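Trainee: What follows is structure_31.cif, mmCIF, C-alpha atoms.
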```
data_my_file
#
loop_
_atom_site.label_atom_id
_atom_site.label_comp_id
_atom_site.auth_asym_id
_atom_site.auth_seq_id
_atom_site.Cartn_x
_atom_site.Cartn_y
_atom_site.Cartn_z
CA MET A 1 174.40 41.38 -159.76
CA ALA A 2 171.34 42.25 -157.68
CA THR A 3 169.15 39.44 -156.36
CA LEU A 4 165.52 39.08 -155.34
CA THR A 5 166.65 39.38 -151.72
CA ASP A 6 168.38 42.68 -152.47
CA VAL A 7 165.21 44.06 -154.02
CA ALA A 8 163.14 42.94 -151.03
CA LYS A 9 165.52 44.65 -148.61
CA LYS A 10 165.62 47.84 -150.66
CA ALA A 11 161.82 48.02 -150.88
CA ASN A 12 161.44 46.89 -147.25
CA VAL A 13 159.08 44.08 -148.22
CA SER A 14 159.25 40.28 -148.22
CA LYS A 15 160.74 38.21 -151.04
CA MET A 16 157.29 36.74 -151.56
CA THR A 17 155.88 40.22 -152.20
CA VAL A 18 158.60 40.96 -154.75
CA SER A 19 157.89 37.64 -156.46
CA ARG A 20 154.18 38.41 -156.57
CA VAL A 21 154.81 41.86 -158.06
CA ILE A 22 156.95 40.26 -160.79
CA ASN A 23 154.80 37.25 -161.56
CA HIS A 24 151.27 38.32 -160.58
CA PRO A 25 151.12 42.14 -160.59
CA GLU A 26 147.32 42.06 -160.78
CA GLN A 27 147.28 40.66 -157.22
CA VAL A 28 149.27 43.56 -155.75
CA THR A 29 148.30 47.16 -154.94
CA ASP A 30 149.63 49.97 -157.13
CA GLU A 31 151.50 51.38 -154.13
CA LEU A 32 153.40 48.13 -153.58
CA LYS A 33 154.14 47.77 -157.28
CA GLU A 34 155.61 51.28 -157.46
CA LEU A 35 157.75 50.56 -154.41
CA VAL A 36 159.14 47.31 -155.81
CA TYR A 37 159.60 48.64 -159.34
CA ALA A 38 161.54 51.62 -157.97
CA ALA A 39 163.84 49.26 -156.02
CA MET A 40 164.34 47.07 -159.10
CA GLU A 41 165.25 50.07 -161.23
CA GLU A 42 167.65 51.49 -158.66
CA LEU A 43 169.41 48.12 -158.29
CA ASP A 44 169.22 47.40 -162.05
CA TYR A 45 167.51 44.10 -161.23
CA HIS A 46 166.12 41.96 -164.04
CA PRO A 47 164.10 38.79 -163.38
CA ASN A 48 165.85 35.59 -164.39
CA ILE A 49 163.44 34.33 -167.02
CA ALA A 50 165.49 31.23 -167.76
CA ALA A 51 165.42 30.23 -164.09
CA LYS A 52 161.69 30.84 -163.94
CA ALA A 53 161.20 28.62 -166.97
CA LEU A 54 163.11 25.81 -165.29
CA VAL A 55 161.12 26.10 -162.07
CA THR A 56 157.73 26.22 -163.80
CA ASN A 57 158.65 23.71 -166.52
CA ARG A 58 157.62 26.27 -169.14
CA SER A 59 159.39 27.74 -172.15
CA GLN A 60 158.15 31.31 -171.45
CA ILE A 61 157.39 31.55 -175.16
CA ILE A 62 154.04 32.39 -176.76
CA LYS A 63 153.54 31.84 -180.47
CA LEU A 64 151.44 34.11 -182.68
CA TYR A 65 150.20 32.42 -185.86
CA ILE A 66 149.07 34.70 -188.70
CA LEU A 67 147.30 32.37 -191.10
CA GLU A 68 146.71 34.79 -193.97
CA GLU A 69 148.89 36.86 -196.25
CA LEU A 70 150.58 39.84 -194.62
CA ASP A 71 150.22 43.19 -196.40
CA THR A 72 153.42 45.05 -195.56
CA THR A 73 151.89 48.37 -196.63
CA GLU A 74 149.16 48.23 -193.99
CA PRO A 75 150.06 48.32 -190.27
CA TYR A 76 147.03 46.32 -189.11
CA TYR A 77 149.12 43.41 -187.89
CA MET A 78 151.87 45.67 -186.59
CA ASN A 79 149.33 47.25 -184.24
CA LEU A 80 148.14 43.80 -183.21
CA LEU A 81 151.73 42.68 -182.59
CA MET A 82 152.43 45.75 -180.47
CA GLY A 83 149.43 45.04 -178.25
CA ILE A 84 150.18 41.33 -177.82
CA ALA A 85 153.90 41.93 -177.20
CA LYS A 86 153.11 44.54 -174.56
CA ALA A 87 150.81 42.19 -172.64
CA VAL A 88 152.95 39.04 -172.79
CA GLY A 89 156.11 41.02 -172.07
CA LYS A 90 154.65 42.22 -168.79
CA ALA A 91 154.19 38.56 -167.83
CA HIS A 92 157.81 37.78 -168.88
CA TYR A 93 156.95 35.81 -171.99
CA SER A 94 158.72 36.12 -175.33
CA LEU A 95 156.60 36.38 -178.48
CA GLN A 96 157.41 34.27 -181.53
CA LEU A 97 155.77 35.04 -184.87
CA VAL A 98 154.82 32.19 -187.21
CA THR A 99 153.42 33.28 -190.59
CA LYS A 100 151.23 31.35 -193.03
CA ASP A 101 154.19 29.83 -194.87
CA GLY A 102 156.44 29.54 -191.83
CA VAL A 103 157.49 26.45 -189.92
CA ASP A 104 156.52 25.88 -186.30
CA ARG A 105 159.65 24.80 -184.47
CA GLY A 106 160.45 24.62 -180.78
CA ALA A 107 158.42 24.58 -177.60
CA CYS A 108 155.91 27.16 -176.42
CA ASP A 109 153.38 27.59 -173.62
CA GLY A 110 150.45 28.74 -175.72
CA TYR A 111 149.18 30.04 -179.05
CA ILE A 112 147.40 33.13 -180.36
CA LEU A 113 145.98 32.58 -183.85
CA THR A 114 144.47 34.98 -186.36
CA GLY A 115 143.52 34.84 -190.02
CA PHE A 116 142.09 31.35 -189.58
CA ARG A 117 139.29 29.84 -191.66
CA GLN A 118 136.80 27.05 -190.97
CA GLU A 119 139.07 24.41 -192.52
CA ASP A 120 141.80 25.26 -189.97
CA PHE A 121 139.87 24.14 -186.89
CA ASP A 122 140.76 20.47 -187.17
CA TRP A 123 144.44 21.12 -186.56
CA ILE A 124 143.76 24.02 -184.18
CA ARG A 125 141.87 21.62 -181.92
CA GLY A 126 144.86 19.30 -182.08
CA LEU A 127 147.22 21.85 -180.50
CA LYS A 128 148.47 20.62 -177.15
CA LYS A 129 148.88 24.03 -175.49
CA PRO A 130 146.30 26.71 -174.56
CA VAL A 131 144.87 28.65 -177.51
CA VAL A 132 143.26 32.08 -177.87
CA LEU A 133 141.92 33.27 -181.22
CA PHE A 134 142.02 36.83 -182.48
CA GLY A 135 138.72 36.67 -184.28
CA GLU A 136 135.15 35.62 -183.62
CA ASN A 137 134.44 31.91 -184.06
CA ASP A 138 131.62 29.40 -183.65
CA GLN A 139 133.80 26.60 -182.25
CA ASN A 140 133.61 27.62 -178.55
CA ILE A 141 137.31 28.58 -178.55
CA ASP A 142 138.31 31.60 -176.45
CA PHE A 143 138.58 34.74 -178.59
CA VAL A 144 138.98 38.50 -178.77
CA ASP A 145 137.29 40.51 -181.53
CA SER A 146 135.28 43.60 -182.34
CA ASP A 147 131.51 43.49 -181.97
CA ASN A 148 131.06 43.09 -185.72
CA HIS A 149 127.25 43.14 -185.68
CA TYR A 150 127.26 46.38 -183.69
CA GLY A 151 129.80 47.98 -186.01
CA THR A 152 127.87 47.65 -189.26
CA ALA A 153 124.58 48.41 -187.52
CA ILE A 154 126.00 51.74 -186.32
CA ALA A 155 127.44 52.46 -189.77
CA THR A 156 124.13 51.73 -191.49
CA LYS A 157 122.15 53.85 -189.03
CA TYR A 158 124.55 56.74 -189.60
CA ALA A 159 124.17 56.46 -193.38
CA LEU A 160 120.37 56.65 -193.10
CA GLU A 161 120.50 59.50 -190.60
CA ALA A 162 122.80 61.38 -192.99
CA GLY A 163 119.96 61.31 -195.52
CA TYR A 164 121.17 58.67 -197.96
CA GLN A 165 118.08 57.01 -199.41
CA GLN A 166 119.80 53.78 -200.42
CA VAL A 167 122.45 51.83 -198.49
CA ILE A 168 124.40 49.03 -200.16
CA PHE A 169 126.53 46.52 -198.24
CA ILE A 170 129.84 45.42 -199.79
CA GLY A 171 131.02 42.33 -197.89
CA ILE A 172 134.02 40.02 -198.03
CA ASP A 173 133.44 36.75 -199.89
CA VAL A 174 134.21 34.43 -196.97
CA ASN A 175 131.75 32.31 -195.00
CA GLU A 176 133.15 33.25 -191.60
CA PRO A 177 131.44 34.37 -188.36
CA PHE A 178 132.89 37.91 -188.43
CA GLU A 179 131.56 38.49 -191.95
CA THR A 180 128.19 36.92 -191.16
CA ALA A 181 127.87 39.19 -188.11
CA ARG A 182 128.73 42.32 -190.10
CA GLU A 183 126.19 41.47 -192.75
CA ALA A 184 123.56 40.76 -190.08
CA GLY A 185 124.11 44.17 -188.46
CA TYR A 186 123.43 45.88 -191.78
CA GLN A 187 120.39 43.73 -192.55
CA GLU A 188 118.85 44.33 -189.13
CA VAL A 189 118.90 48.11 -189.52
CA MET A 190 117.61 48.02 -193.10
CA THR A 191 114.73 45.74 -192.10
CA ALA A 192 113.83 48.01 -189.18
CA ALA A 193 113.81 50.99 -191.56
CA GLY A 194 111.56 49.14 -194.01
CA LEU A 195 114.17 49.33 -196.76
CA PRO A 196 115.41 46.57 -199.10
CA ALA A 197 118.87 45.16 -198.39
CA GLN A 198 121.38 45.06 -201.24
CA ILE A 199 124.36 42.84 -200.51
CA TYR A 200 127.40 42.03 -202.64
CA HIS A 201 130.39 39.87 -201.72
CA LEU A 202 133.85 40.51 -203.14
CA PRO A 203 137.42 39.38 -202.46
CA ASN A 204 139.01 41.71 -199.90
CA ARG A 205 140.94 43.71 -202.49
CA SER A 206 140.47 47.37 -203.37
CA THR A 207 140.89 46.57 -207.08
CA LYS A 208 137.88 44.22 -206.92
CA SER A 209 135.56 46.81 -205.40
CA GLU A 210 136.87 49.47 -207.80
CA HIS A 211 136.01 47.22 -210.76
CA PHE A 212 132.61 46.49 -209.20
CA ILE A 213 131.71 50.19 -209.27
CA ALA A 214 132.83 50.53 -212.88
CA GLN A 215 130.77 47.49 -213.84
CA TYR A 216 127.57 48.63 -212.12
CA TRP A 217 127.95 52.39 -212.50
CA GLU A 218 125.03 52.77 -214.93
CA ASN A 219 122.73 51.04 -212.43
CA LEU A 220 123.72 53.07 -209.36
CA ASN A 221 121.41 55.78 -208.09
CA GLN A 222 122.60 59.00 -206.55
CA ASN A 223 122.00 59.52 -202.82
CA THR A 224 123.49 56.06 -202.08
CA CYS A 225 125.90 55.10 -199.30
CA PHE A 226 128.14 52.04 -199.41
CA VAL A 227 128.74 50.28 -196.08
CA CYS A 228 131.84 48.14 -196.55
CA SER A 229 133.17 45.22 -194.54
CA SER A 230 136.74 46.58 -194.68
CA ASP A 231 138.62 49.78 -195.42
CA ARG A 232 140.25 48.03 -198.37
CA LEU A 233 136.88 47.48 -200.02
CA ALA A 234 135.83 51.02 -199.10
CA LEU A 235 138.98 52.45 -200.69
CA GLY A 236 138.23 50.62 -203.93
CA VAL A 237 134.63 51.85 -203.92
CA GLU A 238 135.90 55.40 -203.45
CA ARG A 239 138.36 55.12 -206.35
CA GLY A 240 135.71 53.58 -208.57
CA LEU A 241 133.23 56.37 -207.84
CA GLN A 242 135.88 59.02 -208.46
CA SER A 243 136.77 57.44 -211.81
CA CYS A 244 133.11 57.68 -212.81
CA GLY A 245 132.96 61.36 -211.85
CA ALA A 246 130.76 60.89 -208.76
CA ASP A 247 130.35 63.63 -206.18
CA ILE A 248 131.59 62.27 -202.81
CA PRO A 249 130.01 62.66 -200.27
CA GLN A 250 127.06 64.61 -201.62
CA ASP A 251 125.75 62.03 -204.09
CA PHE A 252 127.55 58.93 -202.81
CA GLY A 253 128.86 58.06 -199.35
CA ILE A 254 131.32 55.39 -198.25
CA ILE A 255 131.88 53.85 -194.80
CA GLY A 256 134.68 51.37 -194.14
CA PHE A 257 135.56 49.06 -191.27
CA ASP A 258 138.98 48.86 -189.52
CA GLY A 259 140.33 52.39 -189.06
CA VAL A 260 143.99 51.41 -188.90
CA PHE A 261 145.65 53.11 -191.86
CA LEU A 262 143.88 53.13 -195.23
CA ASP A 263 141.10 55.36 -193.91
CA GLN A 264 143.62 58.14 -193.30
CA VAL A 265 145.57 57.98 -196.58
CA SER A 266 142.56 57.90 -198.89
CA SER A 267 141.33 61.11 -200.51
CA PRO A 268 138.77 62.05 -199.44
CA LYS A 269 139.51 60.46 -196.08
CA LEU A 270 137.23 57.55 -195.24
CA THR A 271 134.50 57.49 -192.65
CA THR A 272 135.07 54.16 -190.87
CA MET A 273 134.26 51.94 -187.92
CA LYS A 274 137.56 52.04 -186.05
CA GLN A 275 138.75 48.93 -184.22
CA PRO A 276 141.06 49.47 -181.20
CA ILE A 277 143.60 46.94 -182.54
CA ILE A 278 146.39 47.61 -180.03
CA GLU A 279 144.02 47.23 -177.08
CA MET A 280 142.54 44.11 -178.64
CA GLY A 281 146.05 42.67 -179.01
CA GLU A 282 146.73 43.39 -175.34
CA ALA A 283 143.51 41.59 -174.42
CA CYS A 284 144.61 38.55 -176.46
CA GLY A 285 147.93 38.42 -174.65
CA GLU A 286 146.37 38.89 -171.22
CA MET A 287 143.73 36.24 -171.91
CA LEU A 288 146.30 33.67 -173.03
CA VAL A 289 148.62 34.34 -170.08
CA LYS A 290 145.65 33.89 -167.74
CA LYS A 291 144.68 30.68 -169.55
CA ILE A 292 148.23 29.33 -169.18
CA GLU A 293 148.25 30.21 -165.48
CA ASP A 294 144.84 28.50 -165.11
CA ASN A 295 146.13 25.29 -166.73
CA GLY A 296 144.10 25.77 -169.89
CA ALA A 297 140.78 26.67 -168.28
CA THR A 298 138.32 28.37 -170.63
CA GLN A 299 138.46 32.18 -170.52
CA GLY A 300 135.44 32.97 -172.71
CA TYR A 301 135.53 35.94 -175.07
CA HIS A 302 136.07 39.69 -175.11
CA ARG A 303 134.31 41.85 -177.70
CA PHE A 304 135.34 45.48 -178.22
CA LEU A 305 132.92 48.10 -179.55
CA PRO A 306 134.28 49.75 -182.73
CA GLU A 307 133.97 53.54 -182.89
CA LEU A 308 132.40 55.47 -185.76
CA ILE A 309 134.95 57.96 -187.08
CA VAL A 310 133.26 60.44 -189.40
CA ARG A 311 135.52 61.92 -192.08
CA GLU A 312 135.16 63.21 -195.63
CA SER A 313 133.55 60.27 -197.44
CA THR A 314 130.11 60.84 -195.90
CA ARG A 315 127.91 63.84 -195.27
#
```
I need this file expressed as structure tokens, please.

Mentor:
Amino acid sequence: MATLTDVAKKANVSKMTVSRVINHPEQVTDELKELVYAAMEELDYHPNIAAKALVTNRSQIIKLYILEELDTTEPYYMNLLMGIAKAVGKAHYSLQLVTKDGVDRGACDGYILTGFRQEDFDWIRGLKKPVVLFGENDQNIDFVDSDNHYGTAIATKYALEAGYQQVIFIGIDVNEPFETAREAGYQEVMTAAGLPAQIYHLPNRSTKSEHFIAQYWENLNQNTCFVCSSDRLALGVERGLQSCGADIPQDFGIIGFDGVFLDQVSSPKLTTMKQPIIEMGEACGEMLVKKIEDNGATQGYHRFLPELIVRESTR
């Protein structure tokens, strides 16, 4: 079995350099990394994670908590998992998933949490290991998220530029920072345009927004665009409009928010604000690894700009 010394000899570098490439690749040049990785591959060398854990007094395990129901038909969280696993795997950590109804057992070196609500922060603050949240928060806890305000502002501007005379915001009925920011982005653009804001809050279910359209159909004016806080809500709005015989996108437009899956399977396909979920997951993993290495020091936040993807549900 090849050793660290064997790799160093093969790459013609010091053992310290090999160790740095393995444990802190960001501190090493690409040329050195390629040299060491090539030697490791040729010798079929694999770092001894168990030994590293003993030396550092760490478990080399990171736990991902998903504190809301998982929808197995939508790959939102699968994309997030892929991104996190990629980042923590590079740093030689294993990823353990704990779902809403799961039991947290065993040691870990840090936590990534998503799907949290305001009532969760008491126990989150009681966690003894470093924490990074996937989701904007007002508790000064390190996080990664989309720029939610920017996303709905861009969506609302596009709706107005497309010639829709009325823009209605369909939000999620939760009092959380991400939702507040999305609503604020819409309101800001409507105020600047001198137009009245119309805001409705619904549970994040397509059936709820579909029923909303059926209920209010007689009061809806043509030349209206719905800016929705999720693709699920947008999908329901689309189905509701279709059931009422609406012409999409000529008379009614719909813009969602997420761009992970539902936007592509709807018919017509949804215009949406696409979040780079895999990249955001990677950023979560990288931030937590850095926080662990820095003994829990605050890492701040990282906001990603969502991208407007124009498809068939708008002009």

Trainee: Identify all residues satisfying the PyMOL selection byres ((chain A and resi 266) around 10) in the given file; provide them as a count of residues only.

Mentor: 17

Trainee: What's the 7 Å shell around Tyr301 of chain A, counting all atoms listed in the file, without same-chain residues fewer than 2 positions away, as a PDB file with C-alpha atoms, keeping the file's coordinate frame?

Mentor:
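Output (out34.pdb):
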```pdb
ATOM      1  CA  ASP A 142     138.310  31.600-176.450  1.00  0.00           C
ATOM      2  CA  PHE A 143     138.580  34.740-178.590  1.00  0.00           C
ATOM      3  CA  VAL A 144     138.980  38.500-178.770  1.00  0.00           C
ATOM      4  CA  GLN A 299     138.460  32.180-170.520  1.00  0.00           C
ATOM      5  CA  ARG A 303     134.310  41.850-177.700  1.00  0.00           C
TER       6      ARG A 303
END
```

Trainee: For the atom pair atom CA of Asp294 of chain A and atom CA of Leu4 of chain A, what is the interatomic distance in Å to one decimal place?

Mentor: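 Separating atom CA of Asp294 of chain A from atom CA of Leu4 of chain A is a distance of 25.2 Å.
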
Trainee: Taking the file as I've supplied it (selection: the PyMOL selection byres ((chain A and resi 206-210) around 8)), which residues are included? Please answer as a ChimeraX atom specification.

Mentor: /A:202-205,211-214,232-241

Trainee: Save the residues we just selected, C-alpha atoms, as an mmCIF file, in the frame of the given file?

Mentor:
```cif
data_model
loop_
_atom_site.group_PDB
_atom_site.id
_atom_site.type_symbol
_atom_site.label_atom_id
_atom_site.label_comp_id
_atom_site.auth_asym_id
_atom_site.auth_seq_id
_atom_site.Cartn_x
_atom_site.Cartn_y
_atom_site.Cartn_z
ATOM 1 C CA LEU A 202 133.850 40.510 -203.140
ATOM 2 C CA PRO A 203 137.420 39.380 -202.460
ATOM 3 C CA ASN A 204 139.010 41.710 -199.900
ATOM 4 C CA ARG A 205 140.940 43.710 -202.490
ATOM 5 C CA HIS A 211 136.010 47.220 -210.760
ATOM 6 C CA PHE A 212 132.610 46.490 -209.200
ATOM 7 C CA ILE A 213 131.710 50.190 -209.270
ATOM 8 C CA ALA A 214 132.830 50.530 -212.880
ATOM 9 C CA ARG A 232 140.250 48.030 -198.370
ATOM 10 C CA LEU A 233 136.880 47.480 -200.020
ATOM 11 C CA ALA A 234 135.830 51.020 -199.100
ATOM 12 C CA LEU A 235 138.980 52.450 -200.690
ATOM 13 C CA GLY A 236 138.230 50.620 -203.930
ATOM 14 C CA VAL A 237 134.630 51.850 -203.920
ATOM 15 C CA GLU A 238 135.900 55.400 -203.450
ATOM 16 C CA ARG A 239 138.360 55.120 -206.350
ATOM 17 C CA GLY A 240 135.710 53.580 -208.570
ATOM 18 C CA LEU A 241 133.230 56.370 -207.840
#
```

Trainee: Any idea what the distance is between atom CA of Val310 of chain A and atom CA of Ala155 of chain A?

Mentor: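 Here the two named atoms are 9.9 Å from each other.
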
Trainee: Give me the residues near Glu282 of chain A as a list in words, where near means some atom within 7 Å (using only C-alpha atoms) and where sequence neighbours in that chain fewer than 4 positions away do not count.

Mentor: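 Surrounding residues, per the criterion: Gly83, Ile84, Lys86, Ala87, Ile278 and Glu286 of chain A.
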
Trainee: With only C-alpha atoms as the counted atoms, please give the residues lying no more than 10 Å from Ala184 of chain A, apart from itself and same-chain residues fewer than 6 positions off, as a list in words.

Mentor: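 Final neighbour list, sorted by chain and number: Asn148, His149, Tyr150, Thr152, Ala153, Phe178 and Met190 of chain A.
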
Trainee: May I have the residues at most 7 Å from (126.8, 61.2, -202.4) in the file's coordinates, counting only C-alpha atoms, as a PDB file with C-alpha atoms, keeping the file's coordinate frame?

Mentor:
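out_19.pdb was written with the following content:
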```
ATOM      1  CA  GLN A 222     122.600  59.000-206.550  1.00  0.00           C
ATOM      2  CA  ASN A 223     122.000  59.520-202.820  1.00  0.00           C
ATOM      3  CA  THR A 224     123.490  56.060-202.080  1.00  0.00           C
ATOM      4  CA  CYS A 225     125.900  55.100-199.300  1.00  0.00           C
ATOM      5  CA  ASP A 247     130.350  63.630-206.180  1.00  0.00           C
ATOM      6  CA  ILE A 248     131.590  62.270-202.810  1.00  0.00           C
ATOM      7  CA  PRO A 249     130.010  62.660-200.270  1.00  0.00           C
ATOM      8  CA  GLN A 250     127.060  64.610-201.620  1.00  0.00           C
ATOM      9  CA  ASP A 251     125.750  62.030-204.090  1.00  0.00           C
ATOM     10  CA  PHE A 252     127.550  58.930-202.810  1.00  0.00           C
ATOM     11  CA  GLY A 253     128.860  58.060-199.350  1.00  0.00           C
TER      12      GLY A 253
END
```

Trainee: Using the chain letters and numbering of this document, enumerate as a PyMOL selection string the residues selected by the PyMOL selection byres ((chain A and resi 187) around 10).

Mentor: chain A and resi 149+152-153+156+169+181-186+188-193+195-199

Trainee: Just want the 9 Å neighbourhood of Gln118 of chain A, counted on all atoms listed in the file, with same-chain residues fewer than 6 positions away dropped. Output as a compact mmCIF listing (two decimals) with C-alpha atoms, in the frame of the given file.

Mentor:
```
# COMPACT_ATOMS: atom_id res chain seq x y z
CA ASN A 137 134.44 31.91 -184.06
CA ASN A 175 131.75 32.31 -195.00
CA GLU A 176 133.15 33.25 -191.60
```

Trainee: Write out as a list of chain:residue names each polymer residue whose atoms come within 7 Å of Gly151 of chain A, counting all atoms listed in the file; drop sequence neighbours fewer than 4 positions from it.

Mentor: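 So the residues in contact are A:Asp147, A:Ala155, A:Met273, A:Pro306.
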
Trainee: From the set A:Leu305, A:Val36, A:Met1, A:Val98, which residue has the shortest atom-to-atom contact distance to Met16 of chain A, counting only C-alpha atoms?

Mentor: A:Val36

Trainee: As an exercise, work out the distance from atom CA of Ala246 of chain A to atom CA of Trp217 of chain A in Å and give it to one decimal place.

Mentor: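 Computing it gives 9.7 Å between the two atoms.
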
Trainee: Here is a test: counting only C-alpha atoms, which residue of A:Arg117, A:Lys274, A:Val260, A:Thr314 is nearest to Pro75 of chain A?

Mentor: A:Val260

Trainee: Pick the closest to Tyr111 of chain A from A:Ile22, A:Met78, A:Met287, A:Val7: which is it, counting all atoms listed in the file?

Mentor: A:Met287

Trainee: I'd like to know which of A:Val289, A:Gln139, A:Tyr77, A:Lys100 is closest to Asn23 of chain A, using all atoms listed in the file.

Mentor: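 Once distances to Asn23 of chain A are computed over all atoms listed in the file, the minimum belongs to A:Val289.
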